[in-house]
$ cat my_file26.cif   # mmCIF, N, CA and C atoms; chains and numbers go by the auth columns
data_work
loop_
_atom_site.group_PDB
_atom_site.id
_atom_site.type_symbol
_atom_site.label_atom_id
_atom_site.label_comp_id
_atom_site.label_asym_id
_atom_site.label_seq_id
_atom_site.Cartn_x
_atom_site.Cartn_y
_atom_site.Cartn_z
_atom_site.B_iso_or_equiv
_atom_site.auth_seq_id
_atom_site.auth_asym_id
ATOM 1 N N MET A 1 105.105 88.628 97.970 0.00 1465 A
ATOM 2 C CA MET A 1 105.030 89.949 97.373 0.00 1465 A
ATOM 3 C C MET A 1 104.987 90.981 98.490 0.00 1465 A
ATOM 4 N N ALA A 2 105.788 91.995 98.379 0.00 1466 A
ATOM 5 C CA ALA A 2 105.858 93.043 99.396 0.00 1466 A
ATOM 6 C C ALA A 2 104.647 93.952 99.310 0.00 1466 A
ATOM 7 N N ARG A 3 104.273 94.502 100.445 0.00 1467 A
ATOM 8 C CA ARG A 3 103.138 95.425 100.471 0.00 1467 A
ATOM 9 C C ARG A 3 103.603 96.814 100.028 0.00 1467 A
ATOM 10 N N GLN A 4 102.665 97.652 99.683 0.00 1468 A
ATOM 11 C CA GLN A 4 102.958 99.028 99.308 0.00 1468 A
ATOM 12 C C GLN A 4 103.444 99.796 100.539 0.00 1468 A
ATOM 13 N N PRO A 5 104.311 100.802 100.346 0.00 1469 A
ATOM 14 C CA PRO A 5 104.748 101.602 101.491 0.00 1469 A
ATOM 15 C C PRO A 5 103.553 102.290 102.168 0.00 1469 A
ATOM 16 N N ARG A 6 103.628 102.439 103.475 0.00 1470 A
ATOM 17 C CA ARG A 6 102.564 103.125 104.208 0.00 1470 A
ATOM 18 C C ARG A 6 102.627 104.629 103.917 0.00 1470 A
ATOM 19 N N LEU A 7 101.471 105.240 103.786 0.00 1471 A
ATOM 20 C CA LEU A 7 101.421 106.693 103.659 0.00 1471 A
ATOM 21 C C LEU A 7 101.747 107.270 105.026 0.00 1471 A
ATOM 22 N N GLU A 8 102.543 108.306 105.046 0.00 1472 A
ATOM 23 C CA GLU A 8 102.951 108.902 106.312 0.00 1472 A
ATOM 24 C C GLU A 8 102.538 110.354 106.354 0.00 1472 A
ATOM 25 N N TYR A 9 101.854 110.752 107.424 0.00 1473 A
ATOM 26 C CA TYR A 9 101.462 112.135 107.638 0.00 1473 A
ATOM 27 C C TYR A 9 101.281 112.345 109.136 0.00 1473 A
ATOM 28 N N ALA A 10 101.236 113.576 109.569 0.00 1474 A
ATOM 29 C CA ALA A 10 101.119 113.886 110.996 0.00 1474 A
ATOM 30 C C ALA A 10 99.840 113.291 111.568 0.00 1474 A
ATOM 31 N N GLY A 11 99.977 112.534 112.648 0.00 1475 A
ATOM 32 C CA GLY A 11 98.820 111.945 113.315 0.00 1475 A
ATOM 33 C C GLY A 11 98.317 110.649 112.695 0.00 1475 A
ATOM 34 N N ALA A 12 99.022 110.121 111.704 0.00 1476 A
ATOM 35 C CA ALA A 12 98.590 108.866 111.081 0.00 1476 A
ATOM 36 C C ALA A 12 98.699 107.713 112.076 0.00 1476 A
ATOM 37 N N VAL A 13 97.703 106.836 112.079 0.00 1477 A
ATOM 38 C CA VAL A 13 97.692 105.660 112.950 0.00 1477 A
ATOM 39 C C VAL A 13 97.848 104.424 112.076 0.00 1477 A
ATOM 40 N N TYR A 14 98.686 103.487 112.521 0.00 1478 A
ATOM 41 C CA TYR A 14 98.979 102.284 111.744 0.00 1478 A
ATOM 42 C C TYR A 14 98.701 101.037 112.573 0.00 1478 A
ATOM 43 N N HIS A 15 98.285 99.983 111.902 0.00 1479 A
ATOM 44 C CA HIS A 15 98.142 98.675 112.535 0.00 1479 A
ATOM 45 C C HIS A 15 99.246 97.799 111.953 0.00 1479 A
ATOM 46 N N VAL A 16 100.227 97.466 112.784 0.00 1480 A
ATOM 47 C CA VAL A 16 101.380 96.687 112.347 0.00 1480 A
ATOM 48 C C VAL A 16 101.241 95.279 112.915 0.00 1480 A
ATOM 49 N N VAL A 17 101.362 94.273 112.041 0.00 1481 A
ATOM 50 C CA VAL A 17 101.253 92.876 112.453 0.00 1481 A
ATOM 51 C C VAL A 17 102.448 92.115 111.907 0.00 1481 A
ATOM 52 N N ALA A 18 103.014 91.250 112.727 0.00 1482 A
ATOM 53 C CA ALA A 18 104.066 90.338 112.263 0.00 1482 A
ATOM 54 C C ALA A 18 103.714 88.956 112.791 0.00 1482 A
ATOM 55 N N ARG A 19 103.817 87.966 111.920 0.00 1483 A
ATOM 56 C CA ARG A 19 103.398 86.610 112.256 0.00 1483 A
ATOM 57 C C ARG A 19 104.519 85.643 111.902 0.00 1483 A
ATOM 58 N N GLY A 20 104.647 84.564 112.664 0.00 1484 A
ATOM 59 C CA GLY A 20 105.618 83.530 112.347 0.00 1484 A
ATOM 60 C C GLY A 20 105.244 82.793 111.069 0.00 1484 A
ATOM 61 N N ASN A 21 106.236 82.248 110.352 0.00 1485 A
ATOM 62 C CA ASN A 21 105.966 81.474 109.142 0.00 1485 A
ATOM 63 C C ASN A 21 105.070 80.293 109.468 0.00 1485 A
ATOM 64 N N ASP A 22 104.050 80.070 108.659 0.00 1486 A
ATOM 65 C CA ASP A 22 103.085 78.989 108.877 0.00 1486 A
ATOM 66 C C ASP A 22 102.511 79.026 110.283 0.00 1486 A
ATOM 67 N N ARG A 23 102.365 80.229 110.822 0.00 1487 A
ATOM 68 C CA ARG A 23 101.830 80.456 112.167 0.00 1487 A
ATOM 69 C C ARG A 23 102.662 79.807 113.267 0.00 1487 A
ATOM 70 N N ALA A 24 103.953 79.671 112.998 0.00 1488 A
ATOM 71 C CA ALA A 24 104.867 79.099 113.989 0.00 1488 A
ATOM 72 C C ALA A 24 105.095 80.106 115.111 0.00 1488 A
ATOM 73 N N ARG A 25 105.451 79.604 116.260 0.00 1489 A
ATOM 74 C CA ARG A 25 105.731 80.460 117.420 0.00 1489 A
ATOM 75 C C ARG A 25 106.896 81.401 117.122 0.00 1489 A
ATOM 76 N N ILE A 26 106.784 82.618 117.610 0.00 1490 A
ATOM 77 C CA ILE A 26 107.904 83.550 117.526 0.00 1490 A
ATOM 78 C C ILE A 26 108.401 83.904 118.926 0.00 1490 A
ATOM 79 N N PHE A 27 107.595 83.626 119.932 0.00 1491 A
ATOM 80 C CA PHE A 27 107.990 83.839 121.322 0.00 1491 A
ATOM 81 C C PHE A 27 107.965 82.499 122.047 0.00 1491 A
ATOM 82 N N TYR A 28 109.093 82.134 122.633 0.00 1492 A
ATOM 83 C CA TYR A 28 109.178 80.889 123.392 0.00 1492 A
ATOM 84 C C TYR A 28 109.326 81.139 124.883 0.00 1492 A
ATOM 85 N N THR A 29 109.912 82.288 125.235 0.00 1493 A
ATOM 86 C CA THR A 29 110.140 82.598 126.642 0.00 1493 A
ATOM 87 C C THR A 29 109.734 84.044 126.917 0.00 1493 A
ATOM 88 N N LEU A 30 109.635 84.368 128.191 0.00 1494 A
ATOM 89 C CA LEU A 30 109.351 85.743 128.587 0.00 1494 A
ATOM 90 C C LEU A 30 110.479 86.666 128.128 0.00 1494 A
ATOM 91 N N GLU A 31 111.694 86.156 128.111 0.00 1495 A
ATOM 92 C CA GLU A 31 112.842 86.945 127.635 0.00 1495 A
ATOM 93 C C GLU A 31 112.672 87.336 126.166 0.00 1495 A
ATOM 94 N N ASP A 32 112.121 86.433 125.352 0.00 1496 A
ATOM 95 C CA ASP A 32 111.857 86.760 123.947 0.00 1496 A
ATOM 96 C C ASP A 32 110.927 87.967 123.840 0.00 1496 A
ATOM 97 N N ARG A 33 109.886 87.975 124.646 0.00 1497 A
ATOM 98 C CA ARG A 33 108.920 89.086 124.630 0.00 1497 A
ATOM 99 C C ARG A 33 109.587 90.381 125.099 0.00 1497 A
ATOM 100 N N HIS A 34 110.393 90.289 126.157 0.00 1498 A
ATOM 101 C CA HIS A 34 111.090 91.472 126.659 0.00 1498 A
ATOM 102 C C HIS A 34 112.064 92.016 125.626 0.00 1498 A
ATOM 103 N N ARG A 35 112.719 91.128 124.901 0.00 1499 A
ATOM 104 C CA ARG A 35 113.664 91.568 123.873 0.00 1499 A
ATOM 105 C C ARG A 35 112.934 92.357 122.789 0.00 1499 A
ATOM 106 N N LEU A 36 111.795 91.860 122.317 0.00 1500 A
ATOM 107 C CA LEU A 36 111.034 92.592 121.298 0.00 1500 A
ATOM 108 C C LEU A 36 110.569 93.934 121.840 0.00 1500 A
ATOM 109 N N LEU A 37 110.066 93.967 123.063 0.00 1501 A
ATOM 110 C CA LEU A 37 109.607 95.235 123.634 0.00 1501 A
ATOM 111 C C LEU A 37 110.746 96.236 123.761 0.00 1501 A
ATOM 112 N N GLY A 38 111.962 95.746 124.027 0.00 1502 A
ATOM 113 C CA GLY A 38 113.125 96.628 124.057 0.00 1502 A
ATOM 114 C C GLY A 38 113.415 97.224 122.692 0.00 1502 A
ATOM 115 N N VAL A 39 113.324 96.405 121.662 0.00 1503 A
ATOM 116 C CA VAL A 39 113.543 96.887 120.286 0.00 1503 A
ATOM 117 C C VAL A 39 112.464 97.911 119.917 0.00 1503 A
ATOM 118 N N VAL A 40 111.214 97.614 120.256 0.00 1504 A
ATOM 119 C CA VAL A 40 110.113 98.541 119.965 0.00 1504 A
ATOM 120 C C VAL A 40 110.317 99.850 120.715 0.00 1504 A
ATOM 121 N N ALA A 41 110.687 99.780 121.978 0.00 1505 A
ATOM 122 C CA ALA A 41 110.919 100.998 122.771 0.00 1505 A
ATOM 123 C C ALA A 41 112.020 101.864 122.156 0.00 1505 A
ATOM 124 N N GLU A 42 113.091 101.238 121.703 0.00 1506 A
ATOM 125 C CA GLU A 42 114.182 101.980 121.069 0.00 1506 A
ATOM 126 C C GLU A 42 113.711 102.624 119.765 0.00 1506 A
ATOM 127 N N ALA A 43 112.934 101.914 118.964 0.00 1507 A
ATOM 128 C CA ALA A 43 112.420 102.463 117.704 0.00 1507 A
ATOM 129 C C ALA A 43 111.484 103.641 117.968 0.00 1507 A
ATOM 130 N N ILE A 44 110.646 103.525 118.994 0.00 1508 A
ATOM 131 C CA ILE A 44 109.735 104.616 119.352 0.00 1508 A
ATOM 132 C C ILE A 44 110.536 105.856 119.751 0.00 1508 A
ATOM 133 N N ARG A 45 111.557 105.656 120.564 0.00 1509 A
ATOM 134 C CA ARG A 45 112.393 106.778 120.995 0.00 1509 A
ATOM 135 C C ARG A 45 113.122 107.410 119.810 0.00 1509 A
ATOM 136 N N ARG A 46 113.711 106.574 118.983 0.00 1510 A
ATOM 137 C CA ARG A 46 114.515 107.063 117.865 0.00 1510 A
ATOM 138 C C ARG A 46 113.678 107.793 116.817 0.00 1510 A
ATOM 139 N N HIS A 47 112.497 107.273 116.531 0.00 1511 A
ATOM 140 C CA HIS A 47 111.676 107.834 115.452 0.00 1511 A
ATOM 141 C C HIS A 47 110.559 108.743 115.956 0.00 1511 A
ATOM 142 N N GLU A 48 110.499 108.932 117.271 0.00 1512 A
ATOM 143 C CA GLU A 48 109.542 109.851 117.878 0.00 1512 A
ATOM 144 C C GLU A 48 108.102 109.560 117.476 0.00 1512 A
ATOM 145 N N VAL A 49 107.708 108.300 117.554 0.00 1513 A
ATOM 146 C CA VAL A 49 106.319 107.914 117.306 0.00 1513 A
ATOM 147 C C VAL A 49 105.657 107.611 118.638 0.00 1513 A
ATOM 148 N N LEU A 50 104.351 107.506 118.623 0.00 1514 A
ATOM 149 C CA LEU A 50 103.577 107.151 119.812 0.00 1514 A
ATOM 150 C C LEU A 50 103.100 105.714 119.656 0.00 1514 A
ATOM 151 N N LEU A 51 103.095 104.955 120.724 0.00 1515 A
ATOM 152 C CA LEU A 51 102.558 103.594 120.686 0.00 1515 A
ATOM 153 C C LEU A 51 101.328 103.567 121.572 0.00 1515 A
ATOM 154 N N HIS A 52 100.158 103.392 120.967 0.00 1516 A
ATOM 155 C CA HIS A 52 98.891 103.431 121.693 0.00 1516 A
ATOM 156 C C HIS A 52 98.560 102.084 122.327 0.00 1516 A
ATOM 157 N N ALA A 53 98.914 101.002 121.648 0.00 1517 A
ATOM 158 C CA ALA A 53 98.583 99.672 122.166 0.00 1517 A
ATOM 159 C C ALA A 53 99.486 98.639 121.513 0.00 1517 A
ATOM 160 N N TYR A 54 99.640 97.517 122.194 0.00 1518 A
ATOM 161 C CA TYR A 54 100.352 96.377 121.617 0.00 1518 A
ATOM 162 C C TYR A 54 99.810 95.095 122.220 0.00 1518 A
ATOM 163 N N VAL A 55 99.930 94.010 121.469 0.00 1519 A
ATOM 164 C CA VAL A 55 99.546 92.681 121.937 0.00 1519 A
ATOM 165 C C VAL A 55 100.614 91.709 121.459 0.00 1519 A
ATOM 166 N N LEU A 56 101.128 90.903 122.371 0.00 1520 A
ATOM 167 C CA LEU A 56 102.105 89.873 122.025 0.00 1520 A
ATOM 168 C C LEU A 56 101.455 88.518 122.216 0.00 1520 A
ATOM 169 N N MET A 57 101.261 87.797 121.135 0.00 1521 A
ATOM 170 C CA MET A 57 100.714 86.443 121.178 0.00 1521 A
ATOM 171 C C MET A 57 101.883 85.476 120.969 0.00 1521 A
ATOM 172 N N ASP A 58 101.661 84.180 121.130 0.00 1522 A
ATOM 173 C CA ASP A 58 102.752 83.219 120.943 0.00 1522 A
ATOM 174 C C ASP A 58 103.312 83.232 119.525 0.00 1522 A
ATOM 175 N N ASN A 59 102.431 83.391 118.524 0.00 1523 A
ATOM 176 C CA ASN A 59 102.883 83.279 117.137 0.00 1523 A
ATOM 177 C C ASN A 59 102.810 84.583 116.341 0.00 1523 A
ATOM 178 N N HIS A 60 102.409 85.664 116.984 0.00 1524 A
ATOM 179 C CA HIS A 60 102.372 86.948 116.282 0.00 1524 A
ATOM 180 C C HIS A 60 102.238 88.090 117.284 0.00 1524 A
ATOM 181 N N TYR A 61 102.356 89.325 116.756 0.00 1525 A
ATOM 182 C CA TYR A 61 102.118 90.499 117.596 0.00 1525 A
ATOM 183 C C TYR A 61 101.430 91.582 116.782 0.00 1525 A
ATOM 184 N N HIS A 62 100.787 92.491 117.488 0.00 1526 A
ATOM 185 C CA HIS A 62 100.129 93.652 116.899 0.00 1526 A
ATOM 186 C C HIS A 62 100.673 94.892 117.588 0.00 1526 A
ATOM 187 N N LEU A 63 100.917 95.947 116.807 0.00 1527 A
ATOM 188 C CA LEU A 63 101.322 97.250 117.342 0.00 1527 A
ATOM 189 C C LEU A 63 100.381 98.303 116.760 0.00 1527 A
ATOM 190 N N LEU A 64 100.071 99.324 117.540 0.00 1528 A
ATOM 191 C CA LEU A 64 99.224 100.413 117.075 0.00 1528 A
ATOM 192 C C LEU A 64 99.965 101.743 117.299 0.00 1528 A
ATOM 193 N N PRO A 65 100.927 102.042 116.414 0.00 1529 A
ATOM 194 C CA PRO A 65 101.683 103.298 116.538 0.00 1529 A
ATOM 195 C C PRO A 65 101.029 104.421 115.732 0.00 1529 A
ATOM 196 N N SER A 66 101.422 105.642 116.068 0.00 1530 A
ATOM 197 C CA SER A 66 101.012 106.793 115.257 0.00 1530 A
ATOM 198 C C SER A 66 102.173 107.768 115.188 0.00 1530 A
ATOM 199 N N THR A 67 102.153 108.574 114.134 0.00 1531 A
ATOM 200 C CA THR A 67 103.165 109.608 113.970 0.00 1531 A
ATOM 201 C C THR A 67 102.776 110.811 114.814 0.00 1531 A
ATOM 202 N N PRO A 68 103.745 111.613 115.235 0.00 1532 A
ATOM 203 C CA PRO A 68 103.407 112.803 116.040 0.00 1532 A
ATOM 204 C C PRO A 68 102.558 113.793 115.253 0.00 1532 A
ATOM 205 N N ILE A 69 101.791 114.567 115.976 0.00 1533 A
ATOM 206 C CA ILE A 69 100.931 115.583 115.331 0.00 1533 A
ATOM 207 C C ILE A 69 101.716 116.863 115.171 0.00 1533 A
#
$ encode --input "my_file26.cif" --output "structure tokens"
Amino acid sequence: MARQPRLEYAGAVYHVVARGNDRARIFYTLEDRHRLLGVVAEAIRRHEVLLHAYVLMDNHYHLLPSTPI
């Protein structure tokens, strides 16, 4: 079941998590991590959001973005 859309307003902070199916690995190499960070960097640039923190684990990641004020 899909989650409800996030409310969006100036300065909103979000906790974004993505996990592998059945906690399976999503990163196998350093290149995998760099590829995701490249995608995140492009999304930040394109959508003009701020990224306060991120964590890349073997089977999931966390992002802490916010909308501009």
$ closest_residue --input "my_file26.cif" --among "A:Gln1468, A:Pro1529, A:Gly1475, A:Asn1485" --to "Ala1517 in chain A" --atoms "only N, CA and C atoms"
A:Pro1529
$ closest_residue --input "my_file26.cif" --among "A:Ala1466, A:Leu1527, A:Val1481, A:Ala1476" --to "Leu1501 in chain A" --atoms "only C-alpha atoms"
A:Leu1527
$ select_by_dssp --input "my_file26.cif" --residues "chain A" --states "strand (DSSP E or B)" --output "list in words"
Val1477, Val1480, Val1481, Ala1482, Arg1483, Leu1514, Leu1515, His1516, Ala1517, Tyr1518, Val1519, Leu1520, His1524, Tyr1525, His1526, Leu1527, Leu1528, Pro1529 and Ser1530 of chain A
$ residues_around --input "my_file26.cif" --residues "Leu1515 in chain A" --least-positions-apart "4" --cutoff "12 Å" --atoms "only C-alpha atoms" --output "list in words"
Gly1475, Ala1476, Val1477, Tyr1478, His1479, Val1480, Leu1501, Val1504, Ala1505, Glu1506, Ala1507, Ile1508, Arg1509, His1511, Val1519, His1526, Leu1527, Leu1528, Pro1529, Ser1530, Thr1531 and Pro1532 of chain A
$ atom_distance --input "my_file26.cif" --atom1 "CA of Thr1493 in chain A" --atom2 "CA of Tyr1525 in chain A"
14.4 Å
$ axis_aligned_box --input "my_file26.cif" --around "range 1503-1518 of chain A" --padding-each-side "4 Å" --output "lines of an AutoDock Vina configuration file"
center_x = 106.5
center_y = 102.5
center_z = 119.1
size_x = 24.0
size_y = 22.8
size_z = 15.3
$ resolve_selection --input "my_file26.cif" --expression "the PyMOL selection byres ((chain A and resi 1489) around 6.5)" --output "ChimeraX atom specification"
/A:1484,1487-1488,1490-1492,1522-1524
$ atom_distance --input "my_file26.cif" --atom1 "atom N of Arg1467 in chain A" --atom2 "atom C of Asp1486 in chain A"
18.4 Å
$ decode --input "my_file26.cif" --residues "range 1475-1518 of chain A" --atoms "C-alpha atoms" --output "CSV table (one decimal), in the first residue's frame"
chain,number,residue,atom,x,y,z
A,1475,GLY,CA,11.1,25.0,5.2
A,1476,ALA,CA,9.5,21.6,5.6
A,1477,VAL,CA,12.0,18.8,6.7
A,1478,TYR,CA,11.5,15.2,5.5
A,1479,HIS,CA,13.0,11.9,6.6
A,1480,VAL,CA,13.3,9.8,3.4
A,1481,VAL,CA,14.1,6.1,3.8
A,1482,ALA,CA,14.5,3.4,1.1
A,1483,ARG,CA,15.2,-0.2,2.0
A,1484,GLY,CA,16.0,-3.3,-0.1
A,1485,ASN,CA,13.2,-6.0,-0.4
A,1486,ASP,CA,13.4,-8.3,2.6
A,1487,ARG,CA,16.3,-6.2,3.8
A,1488,ALA,CA,18.4,-7.3,0.9
A,1489,ARG,CA,21.5,-5.3,0.0
A,1490,ILE,CA,21.1,-2.4,-2.3
A,1491,PHE,CA,24.7,-1.4,-2.4
A,1492,TYR,CA,27.4,-3.9,-3.4
A,1493,THR,CA,30.2,-1.6,-4.4
A,1494,LEU,CA,31.5,1.9,-3.8
A,1495,GLU,CA,30.4,2.7,-7.3
A,1496,ASP,CA,26.8,1.8,-6.4
A,1497,ARG,CA,27.0,4.4,-3.6
A,1498,HIS,CA,28.5,7.0,-5.8
A,1499,ARG,CA,25.8,6.4,-8.4
A,1500,LEU,CA,23.0,7.1,-5.9
A,1501,LEU,CA,24.8,10.2,-4.6
A,1502,GLY,CA,25.0,11.5,-8.2
A,1503,VAL,CA,21.2,10.9,-8.6
A,1504,VAL,CA,20.5,12.7,-5.3
A,1505,ALA,CA,22.8,15.6,-6.2
A,1506,GLU,CA,21.0,16.0,-9.5
A,1507,ALA,CA,17.6,15.9,-7.8
A,1508,ILE,CA,18.7,18.5,-5.3
A,1509,ARG,CA,20.0,20.8,-8.0
A,1510,ARG,CA,16.9,20.4,-10.2
A,1511,HIS,CA,14.3,20.8,-7.4
A,1512,GLU,CA,16.2,23.3,-5.3
A,1513,VAL,CA,16.0,21.5,-2.0
A,1514,LEU,CA,18.5,21.4,0.8
A,1515,LEU,CA,20.1,18.1,2.0
A,1516,HIS,CA,21.0,18.3,5.7
A,1517,ALA,CA,22.2,14.8,6.2
A,1518,TYR,CA,22.4,11.4,4.6
